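Content type PDB, C-alpha atoms, from the file data_8.pdb:
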ATOM      1  CA  MET A   1      38.462  65.329  58.540  1.00  0.00           C
ATOM      2  CA  ARG A   2      35.719  67.793  57.841  1.00  0.00           C
ATOM      3  CA  TYR A   3      34.238  69.868  60.591  1.00  0.00           C
ATOM      4  CA  LEU A   4      30.735  70.029  59.097  1.00  0.00           C
ATOM      5  CA  THR A   5      28.229  67.774  60.748  1.00  0.00           C
ATOM      6  CA  ASP A   6      26.365  65.257  58.615  1.00  0.00           C
ATOM      7  CA  ARG A   7      23.163  67.173  59.077  1.00  0.00           C
ATOM      8  CA  LYS A   8      24.718  70.506  58.083  1.00  0.00           C
ATOM      9  CA  ARG A   9      26.184  68.985  54.929  1.00  0.00           C
ATOM     10  CA  ALA A  10      22.868  67.506  53.870  1.00  0.00           C
ATOM     11  CA  MET A  11      20.657  70.471  54.742  1.00  0.00           C
ATOM     12  CA  GLY A  12      18.621  71.678  51.791  1.00  0.00           C
ATOM     13  CA  LYS A  13      20.452  69.514  49.301  1.00  0.00           C
ATOM     14  CA  GLY A  14      18.978  66.707  47.316  1.00  0.00           C
ATOM     15  CA  SER A  15      20.806  64.785  44.606  1.00  0.00           C
ATOM     16  CA  ALA A  16      20.729  67.952  42.471  1.00  0.00           C
ATOM     17  CA  HIS A  17      22.780  69.837  45.112  1.00  0.00           C
ATOM     18  CA  SER A  18      20.377  72.742  45.019  1.00  0.00           C
ATOM     19  CA  GLY A  19      17.703  71.409  47.299  1.00  0.00           C
ATOM     20  CA  THR A  20      14.144  71.194  46.102  1.00  0.00           C
ATOM     21  CA  GLU A  21      13.673  74.757  44.866  1.00  0.00           C
ATOM     22  CA  HIS A  22      13.439  73.609  41.245  1.00  0.00           C
ATOM     23  CA  HIS A  23      10.786  71.025  41.971  1.00  0.00           C
ATOM     24  CA  TRP A  24       8.894  73.392  44.259  1.00  0.00           C
ATOM     25  CA  TYR A  25       8.897  76.140  41.624  1.00  0.00           C
ATOM     26  CA  MET A  26       7.473  73.678  39.077  1.00  0.00           C
ATOM     27  CA  THR A  27       4.736  72.743  41.571  1.00  0.00           C
ATOM     28  CA  VAL A  28       3.839  76.376  42.290  1.00  0.00           C
ATOM     29  CA  SER A  29       3.837  77.456  38.635  1.00  0.00           C
ATOM     30  CA  ALA A  30       1.910  74.313  37.610  1.00  0.00           C
ATOM     31  CA  VAL A  31      -0.884  75.124  40.053  1.00  0.00           C
ATOM     32  CA  ALA A  32      -0.922  78.788  38.960  1.00  0.00           C
ATOM     33  CA  LEU A  33      -1.109  77.779  35.291  1.00  0.00           C
ATOM     34  CA  ALA A  34      -3.795  75.183  36.028  1.00  0.00           C
ATOM     35  CA  PHE A  35      -6.013  78.002  37.299  1.00  0.00           C
ATOM     36  CA  MET A  36      -5.226  80.440  34.488  1.00  0.00           C
ATOM     37  CA  VAL A  37      -4.857  78.377  31.318  1.00  0.00           C
ATOM     38  CA  PRO A  38      -8.493  77.254  30.672  1.00  0.00           C
ATOM     39  CA  THR A  39      -9.805  80.849  30.722  1.00  0.00           C
ATOM     40  CA  TRP A  40      -6.835  82.070  28.722  1.00  0.00           C
ATOM     41  CA  LEU A  41      -7.385  79.370  26.076  1.00  0.00           C
ATOM     42  CA  TYR A  42     -10.954  80.574  25.649  1.00  0.00           C
ATOM     43  CA  ILE A  43      -9.873  84.235  25.303  1.00  0.00           C
ATOM     44  CA  PHE A  44      -7.001  83.492  22.918  1.00  0.00           C
ATOM     45  CA  GLY A  45      -8.989  80.969  20.869  1.00  0.00           C
ATOM     46  CA  SER A  46     -11.881  83.407  20.478  1.00  0.00           C
ATOM     47  CA  ALA A  47      -9.530  86.212  19.372  1.00  0.00           C
ATOM     48  CA  LEU A  48      -7.764  83.969  16.842  1.00  0.00           C
ATOM     49  CA  GLY A  49      -8.998  84.455  13.288  1.00  0.00           C
ATOM     50  CA  GLY A  50     -10.437  87.916  14.004  1.00  0.00           C
ATOM     51  CA  THR A  51      -9.548  91.155  12.251  1.00  0.00           C
ATOM     52  CA  GLN A  52      -6.711  93.284  13.645  1.00  0.00           C
ATOM     53  CA  ALA A  53      -9.248  95.688  15.179  1.00  0.00           C
ATOM     54  CA  GLU A  54     -11.008  92.801  16.966  1.00  0.00           C
ATOM     55  CA  VAL A  55      -7.710  91.325  18.215  1.00  0.00           C
ATOM     56  CA  VAL A  56      -6.521  94.712  19.492  1.00  0.00           C
ATOM     57  CA  ALA A  57      -9.918  95.341  21.142  1.00  0.00           C
ATOM     58  CA  THR A  58      -9.720  91.979  22.967  1.00  0.00           C
ATOM     59  CA  PHE A  59      -6.202  92.430  24.350  1.00  0.00           C
ATOM     60  CA  ALA A  60      -6.762  96.103  25.198  1.00  0.00           C
ATOM     61  CA  ARG A  61      -9.279  95.056  27.861  1.00  0.00           C
ATOM     62  CA  PRO A  62      -7.709  94.756  31.345  1.00  0.00           C
ATOM     63  CA  PHE A  63      -8.606  91.136  32.134  1.00  0.00           C
ATOM     64  CA  PRO A  64      -7.410  89.542  28.855  1.00  0.00           C
ATOM     65  CA  ALA A  65      -4.267  91.723  28.887  1.00  0.00           C
ATOM     66  CA  ILE A  66      -3.302  90.917  32.484  1.00  0.00           C
ATOM     67  CA  LEU A  67      -4.168  87.232  32.131  1.00  0.00           C
ATOM     68  CA  THR A  68      -2.172  86.902  28.898  1.00  0.00           C
ATOM     69  CA  GLY A  69       0.810  88.634  30.516  1.00  0.00           C
ATOM     70  CA  LEU A  70       0.640  86.328  33.524  1.00  0.00           C
ATOM     71  CA  VAL A  71       0.223  83.136  31.478  1.00  0.00           C
ATOM     72  CA  LEU A  72       3.151  84.197  29.289  1.00  0.00           C
ATOM     73  CA  PHE A  73       5.465  85.090  32.186  1.00  0.00           C
ATOM     74  CA  VAL A  74       4.650  82.115  34.428  1.00  0.00           C
ATOM     75  CA  GLY A  75       4.433  79.763  31.424  1.00  0.00           C
ATOM     76  CA  MET A  76       7.832  80.800  30.099  1.00  0.00           C
ATOM     77  CA  GLN A  77       9.484  80.432  33.522  1.00  0.00           C
ATOM     78  CA  HIS A  78       7.859  76.988  33.824  1.00  0.00           C
ATOM     79  CA  PHE A  79       9.194  76.190  30.332  1.00  0.00           C
ATOM     80  CA  ALA A  80      12.708  77.453  31.127  1.00  0.00           C
ATOM     81  CA  LYS A  81      12.966  75.162  34.156  1.00  0.00           C
ATOM     82  CA  GLY A  82      11.297  72.212  32.426  1.00  0.00           C
ATOM     83  CA  ALA A  83      13.527  72.531  29.341  1.00  0.00           C
ATOM     84  CA  THR A  84      16.584  72.805  31.628  1.00  0.00           C
ATOM     85  CA  MET A  85      15.526  69.555  33.296  1.00  0.00           C
ATOM     86  CA  MET A  86      15.211  67.813  29.922  1.00  0.00           C
ATOM     87  CA  ILE A  87      18.582  69.131  28.677  1.00  0.00           C
ATOM     88  CA  GLU A  88      20.290  68.022  31.900  1.00  0.00           C
ATOM     89  CA  ASP A  89      18.951  64.518  31.282  1.00  0.00           C
ATOM     90  CA  TYR A  90      20.270  64.207  27.729  1.00  0.00           C
ATOM     91  CA  ALA A  91      23.277  66.524  27.232  1.00  0.00           C
ATOM     92  CA  ARG A  92      26.637  66.775  28.964  1.00  0.00           C
ATOM     93  CA  GLY A  93      29.496  69.239  29.382  1.00  0.00           C
ATOM     94  CA  SER A  94      29.629  72.361  27.243  1.00  0.00           C
ATOM     95  CA  ALA A  95      26.677  71.300  25.071  1.00  0.00           C
ATOM     96  CA  ARG A  96      24.569  71.091  28.217  1.00  0.00           C
ATOM     97  CA  LYS A  97      25.630  74.562  29.358  1.00  0.00           C
ATOM     98  CA  ALA A  98      25.040  76.089  25.912  1.00  0.00           C
ATOM     99  CA  LEU A  99      21.586  74.503  25.563  1.00  0.00           C
ATOM    100  CA  VAL A 100      20.475  75.499  29.065  1.00  0.00           C
ATOM    101  CA  ILE A 101      21.592  79.100  28.433  1.00  0.00           C
ATOM    102  CA  LEU A 102      19.772  79.041  25.079  1.00  0.00           C
ATOM    103  CA  ALA A 103      16.531  77.691  26.589  1.00  0.00           C
ATOM    104  CA  ILE A 104      16.518  80.301  29.371  1.00  0.00           C
ATOM    105  CA  SER A 105      17.372  83.103  26.916  1.00  0.00           C
ATOM    106  CA  ILE A 106      14.585  82.086  24.514  1.00  0.00           C
ATOM    107  CA  SER A 107      12.140  82.078  27.434  1.00  0.00           C
ATOM    108  CA  TYR A 108      13.073  85.623  28.428  1.00  0.00           C
ATOM    109  CA  ALA A 109      13.094  86.846  24.810  1.00  0.00           C
ATOM    110  CA  ILE A 110       9.582  85.484  24.187  1.00  0.00           C
ATOM    111  CA  THR A 111       8.327  86.922  27.483  1.00  0.00           C
ATOM    112  CA  ALA A 112       9.760  90.368  26.667  1.00  0.00           C
ATOM    113  CA  THR A 113       8.333  90.308  23.130  1.00  0.00           C
ATOM    114  CA  GLY A 114       4.877  89.262  24.306  1.00  0.00           C
ATOM    115  CA  LEU A 115       4.804  91.846  27.110  1.00  0.00           C
ATOM    116  CA  PHE A 116       5.944  94.550  24.684  1.00  0.00           C
ATOM    117  CA  ALA A 117       3.112  93.636  22.301  1.00  0.00           C
ATOM    118  CA  LEU A 118       0.566  93.580  25.123  1.00  0.00           C
ATOM    119  CA  ILE A 119       1.682  96.953  26.489  1.00  0.00           C
ATOM    120  CA  ARG A 120       1.559  98.460  23.026  1.00  0.00           C
ATOM    121  CA  ILE A 121      -1.968  97.101  22.481  1.00  0.00           C
ATOM    122  CA  ALA A 122      -3.309  97.882  25.938  1.00  0.00           C
ATOM    123  CA  LEU A 123      -1.872 101.380  26.509  1.00  0.00           C
TER     124      LEU A 123
ATOM    125  CA  MET B   1      32.565  60.885  61.409  1.00  0.00           C
ATOM    126  CA  ALA B   2      31.428  63.482  58.952  1.00  0.00           C
ATOM    127  CA  GLU B   3      33.167  61.901  55.952  1.00  0.00           C
ATOM    128  CA  ALA B   4      30.810  61.051  53.108  1.00  0.00           C
ATOM    129  CA  LYS B   5      30.625  57.309  52.584  1.00  0.00           C
ATOM    130  CA  ARG B   6      31.246  56.190  49.019  1.00  0.00           C
ATOM    131  CA  VAL B   7      28.459  53.824  48.163  1.00  0.00           C
ATOM    132  CA  GLU B   8      28.391  51.704  45.028  1.00  0.00           C
ATOM    133  CA  ARG B   9      24.977  52.744  43.793  1.00  0.00           C
ATOM    134  CA  PRO B  10      23.238  50.648  41.152  1.00  0.00           C
ATOM    135  CA  LEU B  11      22.996  52.283  37.730  1.00  0.00           C
ATOM    136  CA  SER B  12      19.516  52.781  36.385  1.00  0.00           C
ATOM    137  CA  PRO B  13      18.852  50.412  33.474  1.00  0.00           C
ATOM    138  CA  HIS B  14      18.860  52.192  30.132  1.00  0.00           C
ATOM    139  CA  LEU B  15      15.521  53.394  28.783  1.00  0.00           C
ATOM    140  CA  GLN B  16      15.877  51.279  25.640  1.00  0.00           C
ATOM    141  CA  ILE B  17      15.777  47.933  27.429  1.00  0.00           C
ATOM    142  CA  TYR B  18      12.352  48.580  28.905  1.00  0.00           C
ATOM    143  CA  ARG B  19       9.207  47.310  27.209  1.00  0.00           C
ATOM    144  CA  PRO B  20       7.086  50.389  26.453  1.00  0.00           C
ATOM    145  CA  GLN B  21       4.305  50.633  28.999  1.00  0.00           C
ATOM    146  CA  LEU B  22       1.381  53.014  29.383  1.00  0.00           C
ATOM    147  CA  THR B  23       2.956  54.608  32.454  1.00  0.00           C
ATOM    148  CA  SER B  24       6.296  55.260  30.733  1.00  0.00           C
ATOM    149  CA  ILE B  25       4.750  56.448  27.461  1.00  0.00           C
ATOM    150  CA  THR B  26       2.418  58.888  29.245  1.00  0.00           C
ATOM    151  CA  SER B  27       5.382  60.192  31.256  1.00  0.00           C
ATOM    152  CA  ILE B  28       7.522  60.710  28.140  1.00  0.00           C
ATOM    153  CA  LEU B  29       4.572  62.404  26.395  1.00  0.00           C
ATOM    154  CA  THR B  30       4.417  64.907  29.273  1.00  0.00           C
ATOM    155  CA  ARG B  31       7.954  66.002  28.474  1.00  0.00           C
ATOM    156  CA  ILE B  32       7.413  66.043  24.690  1.00  0.00           C
ATOM    157  CA  THR B  33       4.191  68.082  24.916  1.00  0.00           C
ATOM    158  CA  GLY B  34       5.631  70.525  27.468  1.00  0.00           C
ATOM    159  CA  ASN B  35       8.759  71.268  25.468  1.00  0.00           C
ATOM    160  CA  GLY B  36       6.987  71.148  22.097  1.00  0.00           C
ATOM    161  CA  LEU B  37       4.628  73.916  23.212  1.00  0.00           C
ATOM    162  CA  ILE B  38       7.457  76.401  22.577  1.00  0.00           C
ATOM    163  CA  VAL B  39       6.573  76.243  18.850  1.00  0.00           C
ATOM    164  CA  GLY B  40       2.956  77.321  19.352  1.00  0.00           C
ATOM    165  CA  THR B  41       4.059  79.946  21.891  1.00  0.00           C
ATOM    166  CA  ILE B  42       6.487  81.546  19.430  1.00  0.00           C
ATOM    167  CA  LEU B  43       3.779  81.605  16.737  1.00  0.00           C
ATOM    168  CA  ALA B  44       1.213  83.126  19.131  1.00  0.00           C
ATOM    169  CA  VAL B  45       3.588  85.821  20.426  1.00  0.00           C
ATOM    170  CA  TRP B  46       4.663  86.686  16.855  1.00  0.00           C
ATOM    171  CA  TRP B  47       0.981  87.070  15.880  1.00  0.00           C
ATOM    172  CA  LEU B  48       0.354  89.282  18.926  1.00  0.00           C
ATOM    173  CA  LEU B  49       3.419  91.417  18.113  1.00  0.00           C
ATOM    174  CA  ALA B  50       2.151  91.810  14.556  1.00  0.00           C
ATOM    175  CA  ALA B  51      -1.290  92.882  15.825  1.00  0.00           C
ATOM    176  CA  ALA B  52       0.453  95.504  17.987  1.00  0.00           C
ATOM    177  CA  THR B  53       2.634  96.782  15.140  1.00  0.00           C
ATOM    178  CA  SER B  54       0.844  97.558  11.872  1.00  0.00           C
ATOM    179  CA  PRO B  55      -1.968  96.371   9.553  1.00  0.00           C
ATOM    180  CA  GLU B  56       0.596  95.110   6.992  1.00  0.00           C
ATOM    181  CA  TYR B  57       2.537  93.093   9.583  1.00  0.00           C
ATOM    182  CA  PHE B  58      -0.726  91.705  11.004  1.00  0.00           C
ATOM    183  CA  ALA B  59      -1.868  90.667   7.499  1.00  0.00           C
ATOM    184  CA  THR B  60       1.366  88.678   7.066  1.00  0.00           C
ATOM    185  CA  ALA B  61       1.242  87.009  10.489  1.00  0.00           C
ATOM    186  CA  ASP B  62      -2.490  86.356  10.298  1.00  0.00           C
ATOM    187  CA  ALA B  63      -2.092  84.712   6.877  1.00  0.00           C
ATOM    188  CA  VAL B  64       0.412  82.261   8.414  1.00  0.00           C
ATOM    189  CA  VAL B  65      -1.605  81.715  11.602  1.00  0.00           C
ATOM    190  CA  THR B  66      -4.887  81.045   9.750  1.00  0.00           C
ATOM    191  CA  SER B  67      -3.263  78.886   7.043  1.00  0.00           C
ATOM    192  CA  TRP B  68      -3.212  75.085   7.176  1.00  0.00           C
ATOM    193  CA  PHE B  69       0.189  75.354   8.860  1.00  0.00           C
ATOM    194  CA  GLY B  70      -1.154  77.639  11.591  1.00  0.00           C
ATOM    195  CA  ASP B  71      -4.203  75.408  12.064  1.00  0.00           C
ATOM    196  CA  LEU B  72      -1.923  72.379  12.403  1.00  0.00           C
ATOM    197  CA  VAL B  73       0.405  74.059  14.926  1.00  0.00           C
ATOM    198  CA  PHE B  74      -2.398  75.502  17.055  1.00  0.00           C
ATOM    199  CA  THR B  75      -4.543  72.348  17.005  1.00  0.00           C
ATOM    200  CA  ALA B  76      -1.520  70.245  17.982  1.00  0.00           C
ATOM    201  CA  SER B  77      -0.574  72.823  20.632  1.00  0.00           C
ATOM    202  CA  LEU B  78      -4.108  72.824  22.018  1.00  0.00           C
ATOM    203  CA  TRP B  79      -3.981  69.051  22.465  1.00  0.00           C
ATOM    204  CA  ALA B  80      -0.440  69.388  23.907  1.00  0.00           C
ATOM    205  CA  ILE B  81      -1.646  71.973  26.448  1.00  0.00           C
ATOM    206  CA  TRP B  82      -4.532  69.777  27.588  1.00  0.00           C
ATOM    207  CA  TYR B  83      -2.380  66.662  27.717  1.00  0.00           C
ATOM    208  CA  HIS B  84       0.346  68.465  29.663  1.00  0.00           C
ATOM    209  CA  TYR B  85      -2.352  69.982  31.887  1.00  0.00           C
ATOM    210  CA  LEU B  86      -3.880  66.616  32.851  1.00  0.00           C
ATOM    211  CA  ALA B  87      -0.490  64.918  33.135  1.00  0.00           C
ATOM    212  CA  GLY B  88       0.661  67.796  35.354  1.00  0.00           C
ATOM    213  CA  LEU B  89      -2.339  67.355  37.630  1.00  0.00           C
ATOM    214  CA  ARG B  90      -1.523  63.641  37.718  1.00  0.00           C
ATOM    215  CA  HIS B  91       2.025  64.525  38.814  1.00  0.00           C
ATOM    216  CA  LEU B  92       0.681  66.711  41.627  1.00  0.00           C
ATOM    217  CA  TYR B  93      -1.478  63.755  42.700  1.00  0.00           C
ATOM    218  CA  PHE B  94       1.548  61.425  42.553  1.00  0.00           C
ATOM    219  CA  ASP B  95       3.590  63.995  44.540  1.00  0.00           C
ATOM    220  CA  ALA B  96       0.988  63.778  47.302  1.00  0.00           C
ATOM    221  CA  GLY B  97       1.861  60.063  47.482  1.00  0.00           C
ATOM    222  CA  LYS B  98      -1.416  58.919  45.974  1.00  0.00           C
ATOM    223  CA  GLY B  99      -2.360  56.845  42.929  1.00  0.00           C
ATOM    224  CA  LEU B 100       1.034  55.156  42.675  1.00  0.00           C
ATOM    225  CA  ASP B 101      -0.196  51.560  42.477  1.00  0.00           C
ATOM    226  CA  ILE B 102      -0.088  50.210  38.915  1.00  0.00           C
ATOM    227  CA  PRO B 103      -3.858  49.795  38.220  1.00  0.00           C
ATOM    228  CA  THR B 104      -4.568  53.372  39.402  1.00  0.00           C
ATOM    229  CA  ALA B 105      -1.528  54.811  37.584  1.00  0.00           C
ATOM    230  CA  GLU B 106      -2.652  53.121  34.351  1.00  0.00           C
ATOM    231  CA  LYS B 107      -6.219  54.381  34.754  1.00  0.00           C
ATOM    232  CA  LEU B 108      -4.852  57.907  35.277  1.00  0.00           C
ATOM    233  CA  GLY B 109      -2.717  57.448  32.142  1.00  0.00           C
ATOM    234  CA  TRP B 110      -5.789  56.582  30.056  1.00  0.00           C
ATOM    235  CA  ALA B 111      -7.604  59.519  31.662  1.00  0.00           C
ATOM    236  CA  CYS B 112      -4.808  61.849  30.454  1.00  0.00           C
ATOM    237  CA  ILE B 113      -4.962  60.481  26.895  1.00  0.00           C
ATOM    238  CA  GLY B 114      -8.762  60.379  26.613  1.00  0.00           C
ATOM    239  CA  GLY B 115      -9.340  63.552  28.612  1.00  0.00           C
ATOM    240  CA  SER B 116      -6.901  65.583  26.515  1.00  0.00           C
ATOM    241  CA  VAL B 117      -8.663  64.585  23.266  1.00  0.00           C
ATOM    242  CA  ILE B 118     -12.107  65.361  24.716  1.00  0.00           C
ATOM    243  CA  LEU B 119     -10.987  68.739  26.140  1.00  0.00           C
ATOM    244  CA  THR B 120      -9.344  69.633  22.805  1.00  0.00           C
ATOM    245  CA  ILE B 121     -12.602  68.976  20.934  1.00  0.00           C
ATOM    246  CA  ILE B 122     -14.655  70.897  23.536  1.00  0.00           C
ATOM    247  CA  THR B 123     -12.274  73.894  23.338  1.00  0.00           C
ATOM    248  CA  ILE B 124     -12.405  73.961  19.525  1.00  0.00           C
ATOM    249  CA  ILE B 125     -16.236  73.894  19.642  1.00  0.00           C
ATOM    250  CA  LEU B 126     -16.334  76.643  22.315  1.00  0.00           C
ATOM    251  CA  VAL B 127     -14.078  79.096  20.488  1.00  0.00           C
ATOM    252  CA  GLN B 128     -15.685  78.650  17.059  1.00  0.00           C
TER     253      GLN B 128
END
In structure tokens, how does this file's structure come out?
Amino acid sequence: MRYLTDRKRAMGKGSAHSGTEHHWYMTVSAVALAFMVPTWLYIFGSALGGTQAEVVATFARPFPAILTGLVLFVGMQHFAKGATMMIEDYARGSARKALVILAISISYAITATGLFALIRIAL
Amino acid sequence: MAEAKRVERPLSPHLQIYRPQLTSITSILTRITGNGLIVGTILAVWWLLAAATSPEYFATADAVVTSWFGDLVFTASLWAIWYHYLAGLRHLYFDAGKGLDIPTAEKLGWACIGGSVILTIITIILVQ
């Protein structure tokens, strides 16, 4: 006999046993990206194909630099959670753990690399 | 009693026995485009790192990015972004409990496919 009430046992837990934080984070980051991505696409697309001086001049400006940093950070967190969701659907056991760790690590590595490049260009 | 009841839940039928439908294909495409975007992201960040490093490194990265391979990756990624964008908005709409009847869901599916192609073309024209 367990002393937890039914309600207490169910609180905050969906079938994933971690509540709805994952889904809620995807909703929040999706809305954030929906606002940022169109402008960012225009900035990045316009910079693409330019000389190094032109590219550096673009990303040295505050707005393109901050927006690119934000899109990269939020986008990579959105990717890490989305990729985790996909891996959890198709892989099991140790393979699942290894792939989830890999996906999250790649996300952080790309974020760090991009932010390093931006800081170096902008400062 | 606080004991969890063991319920014999039905197993979901396997994906392979379903006839492909617009709603399922557009849902699967959301996942493929979202995860596939990692390729374009890596290429873009590498190019940015090269621009921040040195003229020689930038020349190398820029040669790859502006080659047919770079054009292919970025054009595909652009469509993937717009598709994932529209499909994501559709998911937010579904999450609000709207548009879940089949005729509306199928119309939204076509809107994602058509809209993503149109937005890709508009973006390419705008950044020329």
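Closest approach to chain B among A:Arg92, A:Lys97, A:His78, A:Arg61 is made by A:His78 (distances from only C-alpha atoms).
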Could you pull the residues within 12 Å of B:Ala59, counting only C-alpha atoms, minus those fewer than 3 positions along the same chain, as a ChimeraX atom specification? /A:49-53 /B:47-56,62-67
Compile the residues of chain A that lie within 8 Å of chain B, evaluated using only C-alpha atoms, and express the compilation as an MDAnalysis selection string. chainID A and resid 1:6 27 30 34 41:42 45:46 49 52 55:56 79 82:83 86 110 113:114 116:118 120:121
With C-alpha atoms kept, could you save the residues just selected as a short mmCIF file (atom, residue, chain, number, x, y, z; two decimals), in the coordinates of the input?
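File produced: part02.cif:
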data_model
loop_
_atom_site.label_atom_id
_atom_site.label_comp_id
_atom_site.auth_asym_id
_atom_site.auth_seq_id
_atom_site.Cartn_x
_atom_site.Cartn_y
_atom_site.Cartn_z
CA MET A 1 38.46 65.33 58.54
CA ARG A 2 35.72 67.79 57.84
CA TYR A 3 34.24 69.87 60.59
CA LEU A 4 30.74 70.03 59.10
CA THR A 5 28.23 67.77 60.75
CA ASP A 6 26.36 65.26 58.62
CA THR A 27 4.74 72.74 41.57
CA ALA A 30 1.91 74.31 37.61
CA ALA A 34 -3.80 75.18 36.03
CA LEU A 41 -7.38 79.37 26.08
CA TYR A 42 -10.95 80.57 25.65
CA GLY A 45 -8.99 80.97 20.87
CA SER A 46 -11.88 83.41 20.48
CA GLY A 49 -9.00 84.46 13.29
CA GLN A 52 -6.71 93.28 13.64
CA VAL A 55 -7.71 91.32 18.22
CA VAL A 56 -6.52 94.71 19.49
CA PHE A 79 9.19 76.19 30.33
CA GLY A 82 11.30 72.21 32.43
CA ALA A 83 13.53 72.53 29.34
CA MET A 86 15.21 67.81 29.92
CA ILE A 110 9.58 85.48 24.19
CA THR A 113 8.33 90.31 23.13
CA GLY A 114 4.88 89.26 24.31
CA PHE A 116 5.94 94.55 24.68
CA ALA A 117 3.11 93.64 22.30
CA LEU A 118 0.57 93.58 25.12
CA ARG A 120 1.56 98.46 23.03
CA ILE A 121 -1.97 97.10 22.48
#
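With distances taken over only C-alpha atoms, B:Gly40 is the one residue among B:Gly40, B:Val117, B:Thr30, B:Lys98 lying closest to B:Val73.
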Work out how far apart atom CA of B:Thr33 and atom CA of A:Tyr25 are and give it in Å to one decimal. 19.1 Å
Using atom CA of A:Ala57 and atom CA of B:Ile125 as the two end points, give the distance in Å to one decimal. 22.4 Å
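With atom CA of B:Ala61 on one side and atom CA of B:Ser116 on the other, the separation reads 28.0 Å.
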Centre and edges of the stretch 92-104 of chain B box, axis-aligned, 3 Å extra per side, as JSON:
{"center_x": -0.5, "center_y": 58.3, "center_z": 42.9, "size_x": 14.2, "size_y": 22.9, "size_z": 15.3}
Extract stretch 72-85 of chain B from the coordinates I pasted, and write it as a compact mmCIF listing (two decimals), in the first residue's frame (atoms kept: N, CA and C atoms).
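New file selection-v8.txt:
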# COMPACT_ATOMS: atom_id res chain seq x y z
N LEU B 72 23.15 23.86 -53.11
CA LEU B 72 22.18 22.77 -52.90
C LEU B 72 21.77 22.70 -51.44
N VAL B 73 22.77 22.71 -50.53
CA VAL B 73 22.49 22.60 -49.10
C VAL B 73 21.66 23.78 -48.62
N PHE B 74 22.06 25.00 -49.02
CA PHE B 74 21.35 26.18 -48.51
C PHE B 74 19.97 26.35 -49.13
N THR B 75 19.82 25.98 -50.41
CA THR B 75 18.49 26.06 -51.02
C THR B 75 17.55 25.04 -50.37
N ALA B 76 18.06 23.83 -50.17
CA ALA B 76 17.25 22.79 -49.50
C ALA B 76 16.94 23.21 -48.07
N SER B 77 17.93 23.80 -47.38
CA SER B 77 17.72 24.23 -46.00
C SER B 77 16.70 25.36 -45.93
N LEU B 78 16.75 26.25 -46.93
CA LEU B 78 15.80 27.37 -46.94
C LEU B 78 14.37 26.83 -47.05
N TRP B 79 14.18 25.87 -47.98
CA TRP B 79 12.84 25.27 -48.09
C TRP B 79 12.48 24.56 -46.79
N ALA B 80 13.48 23.84 -46.20
CA ALA B 80 13.23 23.10 -44.96
C ALA B 80 12.82 24.05 -43.83
N ILE B 81 13.49 25.21 -43.75
CA ILE B 81 13.13 26.19 -42.71
C ILE B 81 11.68 26.64 -42.91
N TRP B 82 11.34 27.01 -44.15
CA TRP B 82 9.98 27.52 -44.38
C TRP B 82 8.93 26.43 -44.17
N TYR B 83 9.25 25.21 -44.59
CA TYR B 83 8.29 24.12 -44.38
C TYR B 83 8.09 23.89 -42.88
N HIS B 84 9.23 23.80 -42.16
CA HIS B 84 9.17 23.55 -40.72
C HIS B 84 8.47 24.71 -40.00
N TYR B 85 8.69 25.90 -40.51
CA TYR B 85 8.06 27.12 -39.97
C TYR B 85 6.54 27.01 -40.07
